[in-house]
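Engineer: Input file: data.cif. Contents: mmCIF, C-alpha atoms.
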```
data_data
loop_
_atom_site.label_atom_id
_atom_site.label_comp_id
_atom_site.auth_asym_id
_atom_site.auth_seq_id
_atom_site.Cartn_x
_atom_site.Cartn_y
_atom_site.Cartn_z
CA MET A 1 25.29 1.45 -29.88
CA MET A 2 21.82 2.68 -28.95
CA ASP A 3 21.05 6.12 -27.53
CA GLY A 4 18.77 5.95 -24.47
CA THR A 5 18.73 9.58 -23.40
CA PRO A 6 16.06 10.32 -20.77
CA PRO A 7 14.32 13.69 -20.45
CA LEU A 8 15.63 16.30 -18.04
CA SER A 9 14.84 15.35 -14.47
CA LYS A 10 12.62 17.44 -12.27
CA ALA A 11 12.42 18.61 -8.67
CA GLY A 12 16.13 19.38 -8.32
CA TRP A 13 17.45 16.15 -9.80
CA ILE A 14 20.56 16.34 -11.95
CA PRO A 15 19.98 15.24 -15.58
CA ILE A 16 21.78 12.11 -16.74
CA LEU A 17 22.62 11.14 -20.33
CA ALA A 18 22.66 7.36 -20.73
CA VAL A 19 24.02 5.21 -23.57
CA ILE A 20 23.72 1.41 -23.76
CA PHE A 21 26.63 -0.61 -25.03
CA VAL A 22 27.18 -4.35 -25.48
CA LEU A 23 30.35 -6.38 -25.85
CA GLY A 24 31.26 -9.99 -26.24
CA GLY A 25 28.69 -11.72 -28.45
CA SER A 26 25.18 -12.89 -27.94
CA TRP A 27 23.56 -13.70 -24.61
CA SER A 28 22.42 -17.26 -23.94
CA ALA A 29 19.06 -17.37 -22.18
CA SER A 30 19.71 -20.93 -21.01
CA ALA A 31 22.71 -19.74 -19.00
CA GLU A 32 21.02 -16.68 -17.57
CA LEU A 33 21.92 -15.59 -14.05
CA ARG A 34 18.64 -14.81 -12.32
CA ILE A 35 17.15 -14.21 -8.87
CA ASP A 36 13.51 -15.22 -8.31
CA ILE A 37 12.29 -12.57 -5.88
CA THR A 38 8.77 -13.99 -5.60
CA ARG A 39 9.91 -16.73 -3.23
CA GLY A 40 9.67 -16.25 0.54
CA THR A 41 13.40 -16.54 1.18
CA VAL A 42 16.20 -15.95 -1.28
CA GLU A 43 19.88 -16.70 -0.75
CA PRO A 44 21.68 -13.42 -1.56
CA LEU A 45 23.67 -13.50 -4.78
CA PRO A 46 27.45 -13.10 -4.23
CA ILE A 47 28.50 -10.10 -6.31
CA ALA A 48 31.84 -8.35 -6.64
CA VAL A 49 31.58 -4.58 -7.06
CA THR A 50 35.02 -3.20 -7.91
CA ASP A 51 36.11 0.44 -7.58
CA PHE A 52 35.53 2.18 -10.89
CA LEU A 53 38.90 3.07 -12.43
CA GLY A 54 40.01 6.63 -13.09
CA SER A 55 43.25 8.26 -14.21
CA ALA A 56 43.22 11.49 -12.19
CA GLU A 57 42.76 11.77 -8.43
CA ASP A 58 39.22 13.20 -8.74
CA GLU A 59 38.23 10.43 -11.16
CA THR A 60 39.56 7.78 -8.80
CA ARG A 61 37.63 9.28 -5.88
CA TYR A 62 34.39 9.39 -7.88
CA GLY A 63 34.95 5.79 -8.97
CA ARG A 64 35.48 4.62 -5.42
CA ASP A 65 32.43 6.50 -4.12
CA ILE A 66 30.16 5.27 -6.94
CA ALA A 67 31.15 1.65 -6.33
CA SER A 68 30.48 2.07 -2.60
CA VAL A 69 26.95 3.40 -3.18
CA VAL A 70 26.15 0.70 -5.77
CA ALA A 71 27.27 -2.04 -3.38
CA ALA A 72 25.30 -0.50 -0.48
CA ASP A 73 22.11 -0.25 -2.57
CA LEU A 74 22.35 -3.86 -3.70
CA GLU A 75 23.19 -5.16 -0.23
CA ARG A 76 20.31 -3.26 1.35
CA SER A 77 17.86 -4.97 -1.02
CA GLY A 78 18.66 -8.27 0.70
CA LEU A 79 19.06 -9.98 -2.69
CA PHE A 80 22.80 -9.40 -3.17
CA ARG A 81 25.84 -10.05 -1.00
CA PRO A 82 28.75 -7.79 -2.02
CA ILE A 83 32.06 -9.59 -1.53
CA ASP A 84 34.73 -7.90 0.60
CA SER A 85 37.23 -6.22 -1.74
CA ARG A 86 40.10 -7.66 0.30
CA ALA A 87 39.24 -11.05 -1.22
CA PHE A 88 39.65 -9.83 -4.81
CA VAL A 89 42.39 -11.53 -6.82
CA GLN A 90 42.26 -9.38 -9.95
CA THR A 91 42.73 -5.76 -8.84
CA GLY A 92 43.97 -2.37 -10.00
CA ARG A 93 44.77 -1.68 -13.63
CA ALA A 94 44.32 -5.33 -14.53
CA LEU A 95 40.58 -4.63 -14.33
CA SER A 96 40.81 -2.24 -17.28
CA ALA A 97 40.97 -5.27 -19.56
CA LEU A 98 38.45 -8.10 -19.72
CA PRO A 99 37.91 -9.88 -16.42
CA ARG A 100 39.95 -12.96 -15.62
CA PHE A 101 36.87 -14.97 -14.79
CA ALA A 102 38.80 -17.75 -13.03
CA ASP A 103 40.01 -15.17 -10.49
CA TRP A 104 36.42 -14.28 -9.66
CA ARG A 105 35.13 -17.84 -9.59
CA VAL A 106 37.74 -18.75 -6.99
CA ILE A 107 36.16 -16.27 -4.53
CA ASN A 108 32.65 -17.51 -5.45
CA ALA A 109 31.55 -14.30 -7.16
CA GLN A 110 28.60 -15.12 -9.41
CA ALA A 111 28.38 -11.59 -10.80
CA LEU A 112 30.98 -8.88 -11.30
CA VAL A 113 30.57 -5.11 -11.66
CA GLN A 114 33.44 -3.09 -13.12
CA GLY A 115 33.56 0.46 -14.40
CA ARG A 116 35.52 3.57 -15.27
CA THR A 117 35.15 7.29 -14.54
CA GLN A 118 36.51 10.19 -16.54
CA ILE A 119 36.21 13.99 -16.45
CA VAL A 120 35.71 14.89 -20.11
CA GLU A 121 36.63 18.13 -21.88
CA ASP A 122 33.33 19.90 -21.19
CA GLY A 123 33.73 19.27 -17.45
CA ARG A 124 31.11 16.55 -17.22
CA LEU A 125 31.67 13.24 -15.50
CA ARG A 126 31.61 10.19 -17.78
CA VAL A 127 30.79 6.92 -16.01
CA GLU A 128 30.93 3.53 -17.70
CA PHE A 129 29.97 0.22 -16.11
CA ARG A 130 29.49 -3.41 -17.06
CA LEU A 131 27.79 -6.29 -15.28
CA TRP A 132 29.28 -9.73 -15.97
CA ASP A 133 27.98 -13.24 -15.37
CA VAL A 134 31.17 -14.81 -13.99
CA PHE A 135 30.35 -18.46 -14.67
CA ALA A 136 28.94 -17.89 -18.17
CA GLU A 137 31.74 -15.37 -18.90
CA GLN A 138 29.21 -13.09 -20.55
CA GLN A 139 28.36 -9.42 -20.22
CA MET A 140 24.80 -9.04 -18.95
CA VAL A 141 24.38 -5.28 -19.31
CA GLY A 142 26.49 -2.19 -19.87
CA PHE A 143 25.82 1.55 -19.77
CA GLU A 144 27.67 4.81 -20.16
CA TYR A 145 26.44 7.94 -18.35
CA HIS A 146 27.30 11.65 -18.63
CA THR A 147 26.42 14.05 -15.82
CA ALA A 148 27.65 17.03 -13.84
CA PRO A 149 30.27 15.83 -11.33
CA ASN A 150 27.90 16.42 -8.40
CA GLY A 151 25.50 13.94 -10.02
CA TRP A 152 27.79 11.00 -9.23
CA ARG A 153 25.56 9.67 -6.45
CA ARG A 154 22.48 9.63 -8.66
CA VAL A 155 24.47 7.77 -11.33
CA ALA A 156 25.36 5.17 -8.68
CA HIS A 157 21.67 4.65 -7.86
CA ILE A 158 20.81 4.35 -11.56
CA ILE A 159 23.55 1.73 -12.00
CA ALA A 160 22.20 -0.23 -9.01
CA ASP A 161 18.72 -0.08 -10.58
CA ALA A 162 20.08 -1.41 -13.88
CA ILE A 163 21.80 -4.32 -12.10
CA PHE A 164 18.71 -5.07 -10.02
CA LYS A 165 16.49 -5.14 -13.10
CA ARG A 166 18.86 -7.29 -15.15
CA VAL A 167 19.23 -9.94 -12.45
CA THR A 168 15.68 -9.98 -11.00
CA GLY A 169 13.57 -8.98 -14.00
CA GLU A 170 11.87 -6.33 -11.82
CA GLU A 171 12.29 -2.56 -11.90
CA GLY A 172 14.67 -1.18 -9.31
CA TYR A 173 13.85 1.45 -6.70
CA PHE A 174 17.17 3.05 -5.78
CA ASP A 175 16.89 6.25 -7.86
CA THR A 176 14.10 7.59 -5.65
CA ARG A 177 13.50 9.91 -2.72
CA ILE A 178 11.57 9.79 0.53
CA VAL A 179 9.56 12.62 2.06
CA TYR A 180 8.62 12.22 5.71
CA ILE A 181 7.84 14.04 8.97
CA ALA A 182 10.92 14.84 11.09
CA GLU A 183 10.02 15.05 14.79
CA THR A 184 11.69 16.63 17.83
CA GLY A 185 10.65 17.64 21.33
CA PRO A 186 8.63 15.99 24.13
CA GLN A 187 5.73 13.74 23.18
CA ASP A 188 3.10 16.29 24.28
CA ARG A 189 4.74 19.17 22.34
CA ARG A 190 6.22 17.62 19.22
CA ILE A 191 7.74 19.84 16.54
CA LYS A 192 7.06 18.29 13.13
CA ARG A 193 8.75 19.36 9.91
CA LEU A 194 8.64 18.18 6.32
CA ALA A 195 11.95 16.57 5.35
CA ILE A 196 13.22 14.96 2.17
CA MET A 197 16.14 12.63 1.39
CA ASP A 198 17.37 10.01 -1.05
CA GLN A 199 16.03 6.51 -0.38
CA ASP A 200 19.33 5.63 1.34
CA GLY A 201 19.18 8.65 3.68
CA ALA A 202 21.69 10.80 1.76
CA ASN A 203 21.09 14.43 0.65
CA HIS A 204 18.84 15.08 3.63
CA ARG A 205 17.20 18.48 4.01
CA PHE A 206 14.24 20.09 5.78
CA LEU A 207 11.48 21.70 3.72
CA THR A 208 9.59 23.50 6.51
CA ASP A 209 10.80 25.29 9.65
CA GLY A 210 8.64 23.58 12.28
CA ASP A 211 6.56 26.63 13.20
CA THR A 212 3.44 24.82 12.01
CA LEU A 213 2.43 21.21 12.60
CA VAL A 214 2.52 19.17 9.37
CA LEU A 215 1.39 15.60 8.66
CA THR A 216 0.89 12.95 5.91
CA PRO A 217 3.10 14.19 3.03
CA ARG A 218 2.66 12.53 -0.38
CA PHE A 219 4.56 12.97 -3.67
CA SER A 220 2.94 14.03 -6.91
CA PRO A 221 3.63 11.76 -9.92
CA THR A 222 5.81 14.55 -11.39
CA LEU A 223 8.01 14.67 -8.24
CA GLN A 224 7.88 18.47 -8.27
CA GLU A 225 5.23 18.77 -5.60
CA ILE A 226 4.29 17.35 -2.22
CA ILE A 227 0.77 17.40 -0.84
CA TYR A 228 0.34 17.37 2.95
CA LEU A 229 -1.78 18.43 5.92
CA SER A 230 -0.78 21.62 7.74
CA TYR A 231 -2.20 23.29 10.85
CA TYR A 232 -1.17 26.76 9.66
CA GLY A 233 -3.07 29.35 11.69
CA GLY A 234 -4.42 26.56 13.88
CA VAL A 235 -6.76 25.32 11.13
CA PRO A 236 -6.03 21.93 9.51
CA ARG A 237 -5.91 22.31 5.74
CA VAL A 238 -4.39 20.47 2.79
CA TYR A 239 -1.48 22.26 1.10
CA ILE A 240 0.75 21.68 -1.93
CA PHE A 241 4.48 22.37 -1.57
CA ASN A 242 6.63 22.98 -4.66
CA ILE A 243 10.04 21.38 -4.01
CA ASP A 244 11.93 23.59 -6.48
CA THR A 245 10.56 26.96 -5.37
CA GLY A 246 9.50 26.30 -1.77
CA ARG A 247 6.10 27.85 -2.56
CA GLN A 248 3.13 26.54 -0.55
CA GLU A 249 -0.47 26.76 -1.72
CA ILE A 250 -3.69 25.81 0.02
CA VAL A 251 -5.78 23.21 -1.83
CA GLY A 252 -9.31 24.52 -2.24
CA ASP A 253 -11.50 26.65 -0.01
CA PHE A 254 -13.36 24.02 1.97
CA PRO A 255 -15.71 24.88 4.85
CA GLY A 256 -14.48 22.03 7.09
CA MET A 257 -11.22 20.37 8.09
CA THR A 258 -9.46 18.65 5.16
CA PHE A 259 -6.93 15.86 5.66
CA ALA A 260 -5.45 12.56 4.32
CA PRO A 261 -4.66 13.89 0.80
CA ARG A 262 -3.24 11.95 -2.15
CA PHE A 263 -2.68 12.73 -5.82
CA SER A 264 -4.34 10.83 -8.65
CA ALA A 265 -2.07 8.73 -10.87
CA ASP A 266 -1.81 11.52 -13.47
CA GLY A 267 -1.32 14.26 -10.87
CA LYS A 268 -4.31 16.23 -12.15
CA ALA A 269 -6.59 15.65 -9.17
CA VAL A 270 -6.40 15.29 -5.40
CA ILE A 271 -8.49 12.94 -3.29
CA MET A 272 -8.93 13.70 0.42
CA SER A 273 -11.25 13.60 3.41
CA MET A 274 -13.23 16.54 4.73
CA ALA A 275 -14.81 16.70 8.18
CA LYS A 276 -17.86 18.94 8.38
CA ASP A 277 -20.60 19.04 11.03
CA GLY A 278 -19.07 16.04 12.78
CA ASN A 279 -19.04 13.84 9.68
CA SER A 280 -16.08 12.83 7.50
CA GLU A 281 -16.55 12.16 3.78
CA ILE A 282 -14.28 11.70 0.76
CA TYR A 283 -13.93 14.36 -1.92
CA THR A 284 -11.90 14.95 -5.07
CA LEU A 285 -10.57 18.25 -6.37
CA ASP A 286 -9.64 18.83 -10.02
CA LEU A 287 -6.45 20.92 -9.79
CA SER A 288 -6.97 22.67 -13.13
CA THR A 289 -10.66 23.59 -12.82
CA ARG A 290 -10.87 23.55 -8.99
CA ALA A 291 -14.09 21.58 -9.36
CA VAL A 292 -14.96 19.62 -6.20
CA LYS A 293 -16.83 16.31 -6.18
CA ARG A 294 -18.12 14.42 -3.18
CA LEU A 295 -17.69 10.64 -3.47
CA THR A 296 -19.14 9.20 -0.25
CA PHE A 297 -22.50 9.87 1.39
CA HIS A 298 -22.68 8.10 4.73
CA SER A 299 -23.11 9.00 8.39
CA ALA A 300 -19.97 6.99 9.25
CA ILE A 301 -16.38 8.22 9.14
CA ASP A 302 -14.91 7.71 5.64
CA THR A 303 -11.23 8.59 5.32
CA SER A 304 -7.70 7.68 4.11
CA PRO A 305 -8.55 7.32 0.40
CA SER A 306 -5.97 5.98 -2.07
CA TYR A 307 -6.31 5.60 -5.85
CA ASP A 308 -5.28 2.44 -7.66
CA SER A 309 -2.48 2.54 -10.22
CA ASP A 310 -4.65 4.11 -12.97
CA SER A 311 -7.07 6.02 -10.69
CA GLY A 312 -9.99 3.82 -11.74
CA ARG A 313 -10.77 2.71 -8.19
CA VAL A 314 -10.34 4.01 -4.65
CA VAL A 315 -9.62 2.15 -1.41
CA PHE A 316 -10.52 3.84 1.88
CA ASN A 317 -11.32 2.98 5.48
CA SER A 318 -14.72 3.45 7.10
CA ASP A 319 -16.56 2.44 10.25
CA ARG A 320 -19.88 2.21 8.39
CA GLY A 321 -20.04 -1.49 9.26
CA GLY A 322 -19.56 -0.89 13.00
CA THR A 323 -15.75 -1.19 13.07
CA GLN A 324 -12.98 0.41 11.06
CA GLN A 325 -12.58 -1.65 7.87
CA LEU A 326 -11.34 -1.30 4.29
CA TYR A 327 -13.67 -0.58 1.38
CA VAL A 328 -13.17 -0.22 -2.37
CA MET A 329 -15.28 1.91 -4.72
CA ASP A 330 -15.14 3.09 -8.31
CA ARG A 331 -13.58 6.48 -8.91
CA ASP A 332 -17.03 8.15 -9.10
CA GLY A 333 -18.05 6.80 -5.68
CA SER A 334 -20.25 3.98 -6.98
CA ASN A 335 -20.03 0.23 -6.35
CA VAL A 336 -18.82 0.43 -2.73
CA ARG A 337 -17.86 -2.96 -1.27
CA ARG A 338 -16.04 -4.05 1.87
CA ILE A 339 -12.83 -6.04 1.36
CA SER A 340 -11.38 -6.58 4.89
CA PHE A 341 -12.94 -9.29 7.04
CA GLY A 342 -10.10 -10.34 9.37
CA GLN A 343 -10.02 -9.79 13.12
CA GLY A 344 -9.22 -6.27 14.31
CA ARG A 345 -9.44 -2.83 12.75
CA TYR A 346 -7.88 -1.68 9.46
CA ALA A 347 -6.52 1.75 8.52
CA THR A 348 -4.21 3.77 6.21
CA PRO A 349 -4.73 1.66 3.05
CA VAL A 350 -2.52 2.38 0.05
CA TRP A 351 -2.73 0.78 -3.38
CA SER A 352 0.39 -0.82 -4.84
CA PRO A 353 1.84 0.90 -7.94
CA ARG A 354 1.61 -2.52 -9.62
CA GLY A 355 -2.15 -2.52 -8.94
CA ASP A 356 -2.15 -6.03 -7.49
CA LEU A 357 -2.09 -5.44 -3.70
CA ILE A 358 -3.25 -3.05 -1.01
CA ALA A 359 -1.04 -2.34 2.01
CA PHE A 360 -2.61 -1.35 5.33
CA THR A 361 -2.18 -0.84 9.06
CA LYS A 362 -4.02 -3.31 11.29
CA ILE A 363 -4.83 -2.92 14.99
CA TYR A 364 -5.63 -6.08 16.95
CA LYS A 365 -5.49 -6.76 20.71
CA GLY A 366 -3.49 -3.61 21.35
CA ARG A 367 -0.82 -4.42 18.76
CA PHE A 368 -0.18 -2.80 15.38
CA PHE A 369 0.65 -4.63 12.17
CA ILE A 370 1.71 -3.72 8.63
CA GLY A 371 0.08 -6.05 6.11
CA VAL A 372 -0.94 -6.55 2.52
CA MET A 373 -3.94 -8.14 0.82
CA ARG A 374 -5.17 -8.63 -2.71
CA THR A 375 -7.52 -5.98 -4.03
CA ASP A 376 -10.56 -8.18 -3.35
CA GLY A 377 -9.45 -8.68 0.29
CA SER A 378 -8.13 -12.21 -0.13
CA GLY A 379 -4.63 -13.40 0.69
CA GLU A 380 -4.05 -11.19 3.75
CA ARG A 381 -0.46 -11.36 5.02
CA LEU A 382 1.05 -9.51 7.98
CA LEU A 383 4.65 -8.37 7.44
CA ALA A 384 5.58 -6.39 10.58
CA GLU A 385 4.28 -6.14 14.15
CA ASP A 386 5.06 -3.96 17.16
CA PHE A 387 3.75 -1.59 19.83
CA LEU A 388 3.08 0.91 17.03
CA VAL A 389 3.80 0.44 13.32
CA GLU A 390 1.86 2.54 10.86
CA ALA A 391 1.63 4.39 7.53
CA PRO A 392 2.93 1.96 4.87
CA THR A 393 4.19 3.40 1.59
CA TRP A 394 5.21 1.50 -1.54
CA ALA A 395 8.48 1.58 -3.44
CA PRO A 396 7.71 2.31 -7.11
CA ASN A 397 8.37 -1.31 -8.11
CA GLY A 398 5.67 -2.57 -5.71
CA ARG A 399 8.08 -5.04 -4.06
CA VAL A 400 9.18 -3.10 -0.96
CA LEU A 401 7.29 -1.19 1.73
CA MET A 402 8.40 1.54 4.10
CA PHE A 403 6.64 2.42 7.37
CA PHE A 404 7.38 3.98 10.73
CA ARG A 405 7.77 2.26 14.09
CA GLN A 406 7.33 4.06 17.41
CA GLU A 407 8.56 2.75 20.75
CA PRO A 408 6.41 3.13 23.88
CA SER A 409 7.06 6.15 26.11
CA ASP A 410 8.16 5.72 29.71
CA THR A 411 6.06 6.77 32.72
CA LYS A 412 7.53 10.29 32.59
CA GLY A 413 6.67 10.78 28.94
CA GLY A 414 10.22 10.20 27.74
CA GLY A 415 11.38 7.77 25.08
CA GLY A 416 8.90 6.96 22.39
CA ARG A 417 11.45 7.10 19.58
CA SER A 418 9.98 6.94 16.07
CA ARG A 419 12.00 5.52 13.16
CA LEU A 420 11.54 4.53 9.52
CA TYR A 421 11.89 0.93 8.34
CA SER A 422 11.67 -0.90 5.03
CA ILE A 423 10.61 -4.50 4.47
CA ASP A 424 10.20 -6.54 1.32
CA LEU A 425 6.96 -8.06 0.19
CA THR A 426 7.88 -11.50 1.46
CA GLY A 427 8.15 -10.22 5.05
CA TYR A 428 11.93 -10.58 5.14
CA ASN A 429 14.82 -8.12 5.08
CA GLU A 430 13.45 -5.51 7.49
CA ARG A 431 15.91 -2.60 7.78
CA GLU A 432 16.00 0.77 9.50
CA ILE A 433 16.33 3.85 7.28
CA VAL A 434 18.59 6.10 9.34
CA THR A 435 17.41 9.70 9.80
CA PRO A 436 18.98 12.52 11.86
CA LEU A 437 15.81 12.96 13.97
CA ASP A 438 12.74 10.91 14.85
CA ALA A 439 10.71 10.16 11.75
CA SER A 440 7.12 9.26 10.80
CA ASP A 441 4.66 9.32 7.88
CA PRO A 442 7.06 8.34 5.07
CA ALA A 443 6.12 8.59 1.40
CA TRP A 444 8.17 6.98 -1.38
CA SER A 445 8.59 8.84 -4.66
CA PRO A 446 8.18 7.31 -8.12
CA LEU A 447 11.36 6.54 -10.05
CA ILE A 448 13.02 9.71 -11.28
CA PRO A 449 12.44 10.18 -15.03
#
```
Before we go any further, please render this structure as structure tokens.
Structural biologist:
Amino acid sequence: MMDGTPPLSKAGWIPILAVIFVLGGSWSASAELRIDITRGTVEPLPIAVTDFLGSAEDETRYGRDIASVVAADLERSGLFRPIDSRAFVQTGRALSALPRFADWRVINAQALVQGRTQIVEDGRLRVEFRLWDVFAEQQMVGFEYHTAPNGWRRVAHIIADAIFKRVTGEEGYFDTRIVYIAETGPQDRRIKRLAIMDQDGANHRFLTDGDTLVLTPRFSPTLQEIIYLSYYGGVPRVYIFNIDTGRQEIVGDFPGMTFAPRFSADGKAVIMSMAKDGNSEIYTLDLSTRAVKRLTFHSAIDTSPSYDSDSGRVVFNSDRGGTQQLYVMDRDGSNVRRISFGQGRYATPVWSPRGDLIAFTKIYKGRFFIGVMRTDGSGERLLAEDFLVEAPTWAPNGRVLMFFRQEPSDTKGGGGRSRLYSIDLTGYNEREIVTPLDASDPAWSPLIP
């Protein structure tokens, strides 16, 4: 047995104690069950996710709810197909022993998830799960978790991440949150509030009251803070919002309008645009010393900066070449070079957390596109298209994007619904992320530590 206890989580997350356990002999690499997610289309893996067993009524309810969330996470990824529980042959207490693998092969389950829940003496919830390769009759991974009972949903996301990683070889993205702009009201008088939720839409809450227009929220690497643009007092300024305390703080005392903020990879600096005397340039602010540094010096509009995965380079959009295009520069503002050369205009670039791709919004012939390209501008691929799609944000594993899609308004100014969608890097598996109100400007958090 190996202890894998993570540090206490931040920003309101419930701490989880994790222990790895292994049963049933060595694992044969030649028989390994695996999904190759780099291909354009993947046939979803049939997986059976059974209700986690419990002795008491509360334990049984937690076990049922955890299994439901695990199955929903995996299904939503597009890489797994949970099998209807009504097809299960081995059920109930028989699952407390080793699986009868023949019973699972007969319903074509290639993988099996089973588990147990228990309220232990100190009042914590103990959750155990195992992932089995049905045809090899081998355990692939197993964990035990201890948490406060109200942490059951987070445990379910962590289990889904563990399954995703074991079968695909890539980090999961289920134990994450989304911050976005919740919108209500007519199109010419929109009320916009900061809102936050789990990546599956659960645990939704509003962070601001809507009295002030807010835009472009972004998570800090620590998950404790959100940086965003606010029109408090009618003046657009960049603010930092502390999720735990609700405290809001203006970022710097700049003479012009500041906007399009993002944190550096270590969370110690902020990069943003500032418009002064009719010109927009890119600046950085050291959050500890409050030292400000100007990175661009051009008469054109330079905006929407985004650091790469280690903050060594910056991508931004500029019209310095006559049309709005993407440029990359070193973190000190040197070595500026254009990377987009396709037809149309490019905006809202954001560097992948893997460091290998840049996502962007493209506008061409009155249509909007969400696309990706390599960091030198090669290999451009368009993943989504519509009347208006904008503001891509990366899942922390760099394999999934989220963006918002807005419908056109009618002649009376009605309609124009705005919703969040996710899509994988291959351009398949586009799905709506359900929110209680219209939604725009999503930002995906890192994995919770």
Engineer: With all atoms listed in the file as the atoms that count, which of A:Arg331, A:Arg81, A:Arg419, A:Arg166 lies nearest to Glu390 in chain A?
Structural biologist: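 Distance minimum relative to Glu390 in chain A lands on A:Arg419.
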Engineer: Hey, which bits of range 118-185 of chain A sit within 7 Å of range 58-72 of chain A, and for each residue what's the closest pair of atoms and how far apart in Å (one decimal), counting all atoms listed in the file, rows by chain and increasing number, as a Markdown table?
Structural biologist:
```
| residue | atom | partner | partner_atom | distance |
| --- | --- | --- | --- | --- |
| A:Gln118 | CA | A:Glu59 | CA | 5.7 |
| A:Ile119 | CA | A:Glu59 | CA | 6.7 |
| A:Trp152 | CA | A:Ile66 | CA | 6.6 |
| A:Arg153 | CA | A:Ile66 | CA | 6.4 |
| A:Ala156 | CA | A:Ile66 | CA | 5.1 |
| A:His157 | CA | A:Val70 | CA | 6.3 |
| A:Ile159 | CA | A:Val70 | CA | 6.8 |
| A:Ala160 | CA | A:Val70 | CA | 5.2 |
```
Engineer: Determine, counting all atoms listed in the file, which protein, DNA and RNA residues have an atom within 10 Å of an atom of Pro255 in chain A; residues of the same chain fewer than 2 positions away are not included. Present the result as a VMD selection string.
Structural biologist: chain A and resid 252 to 253 257 to 258 274 to 277
Engineer: Which one of A:Gly377, A:Pro353, A:Gly115, A:Pro236 sits closest to Arg337 in chain A if you count all atoms listed in the file?
Structural biologist: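 Selected residue with least distance to Arg337 in chain A: A:Gly377.
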Engineer: What's the separation between CA of Thr176 in chain A and CA of Leu53 in chain A, in Å to one decimal place?
Structural biologist: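 Separating CA of Thr176 in chain A from CA of Leu53 in chain A is a distance of 26.1 Å.
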Engineer: Using all atoms listed in the file for the distances, tell me which of A:Val235, A:Tyr180, A:Ala202, A:Thr212 is nearest to Pro392 in chain A.
Structural biologist: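 Closest residue, counting all atoms listed in the file: A:Tyr180.
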Engineer: Between CA of Thr284 in chain A and CA of Val270 in chain A, measure the distance and give it in Å to one decimal.
Structural biologist: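 One can read the CA of Thr284 in chain A to CA of Val270 in chain A distance as 5.5 Å.
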Engineer: Report as an MDAnalysis selection string the residues that result from applying the PyMOL selection byres ((chain A and resi 324) around 12) to the structure here.
Structural biologist: chainID A and resid 300:304 316:323 325:327 338:349 360:364
Engineer: With the PyMOL selection byres ((chain A and resi 433) around 9) as the selection, what would be picked from this file? Answer as number ranges by chain, please.
Structural biologist: A: 199-201, 402, 419-422, 431-432, 434-435
Engineer: Between CA of Val167 in chain A and CA of Ser77 in chain A, measure the distance and give it in Å to one decimal.
Structural biologist: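 Pair CA of Val167 in chain A / CA of Ser77 in chain A returns 12.5 Å.
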Engineer: Please expand the PyMOL selection byres ((chain A and resi 398) around 7) into the concrete residues it hits in this file, giving the result as a ChimeraX atom specification.
Structural biologist: /A:352-354,394-397,399-400
Engineer: Show which residues sit within 12 Å of Gly210 in chain A, as a list in words. Count all atoms listed in the file, and ignore same-chain residues fewer than 4 positions away.
Structural biologist: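 Residues near the query, excluding close chain neighbours: Ile181, Ala182, Glu183, Thr184, Gly185, Arg189, Arg190, Ile191, Lys192, Arg193, Leu194, Ala195, Phe206, Val214, Leu215, Ser230, Tyr231 and Tyr232 of chain A.
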Engineer: Just to be explicit: take each residue in the selection above, keep C-alpha atoms, and write the result as a PDB file, in the coordinates of the input.
Structural biologist:
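Dumped everything to out31.pdb:
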```pdb
ATOM      1  CA  ILE A 181       7.840  14.040   8.970  1.00  0.00           C
ATOM      2  CA  ALA A 182      10.920  14.840  11.090  1.00  0.00           C
ATOM      3  CA  GLU A 183      10.020  15.050  14.790  1.00  0.00           C
ATOM      4  CA  THR A 184      11.690  16.630  17.830  1.00  0.00           C
ATOM      5  CA  GLY A 185      10.650  17.640  21.330  1.00  0.00           C
ATOM      6  CA  ARG A 189       4.740  19.170  22.340  1.00  0.00           C
ATOM      7  CA  ARG A 190       6.220  17.620  19.220  1.00  0.00           C
ATOM      8  CA  ILE A 191       7.740  19.840  16.540  1.00  0.00           C
ATOM      9  CA  LYS A 192       7.060  18.290  13.130  1.00  0.00           C
ATOM     10  CA  ARG A 193       8.750  19.360   9.910  1.00  0.00           C
ATOM     11  CA  LEU A 194       8.640  18.180   6.320  1.00  0.00           C
ATOM     12  CA  ALA A 195      11.950  16.570   5.350  1.00  0.00           C
ATOM     13  CA  PHE A 206      14.240  20.090   5.780  1.00  0.00           C
ATOM     14  CA  VAL A 214       2.520  19.170   9.370  1.00  0.00           C
ATOM     15  CA  LEU A 215       1.390  15.600   8.660  1.00  0.00           C
ATOM     16  CA  SER A 230      -0.780  21.620   7.740  1.00  0.00           C
ATOM     17  CA  TYR A 231      -2.200  23.290  10.850  1.00  0.00           C
ATOM     18  CA  TYR A 232      -1.170  26.760   9.660  1.00  0.00           C
TER      19      TYR A 232
END
```
Engineer: Extract, using all atoms listed in the file, all DNA, RNA and protein residues at most 10 Å from range 90-97 of chain A, discarding same-chain residues fewer than 5 positions from it, and format them as a list in words.
Structural biologist: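 Near range 90-97 of chain A, the qualifying residues are Thr50, Asp51, Phe52, Leu53, Gly54, Ser85, Ala102, Asp103, Trp104, Gln114, Gly115 and Arg116 of chain A.
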Engineer: Just checking: using all atoms listed in the file, which residue out of A:Phe80, A:Pro99, A:Glu249, A:Val49 ends up closest to Val113 in chain A?
Structural biologist: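 So, comparing all the options, the nearest one is A:Val49.
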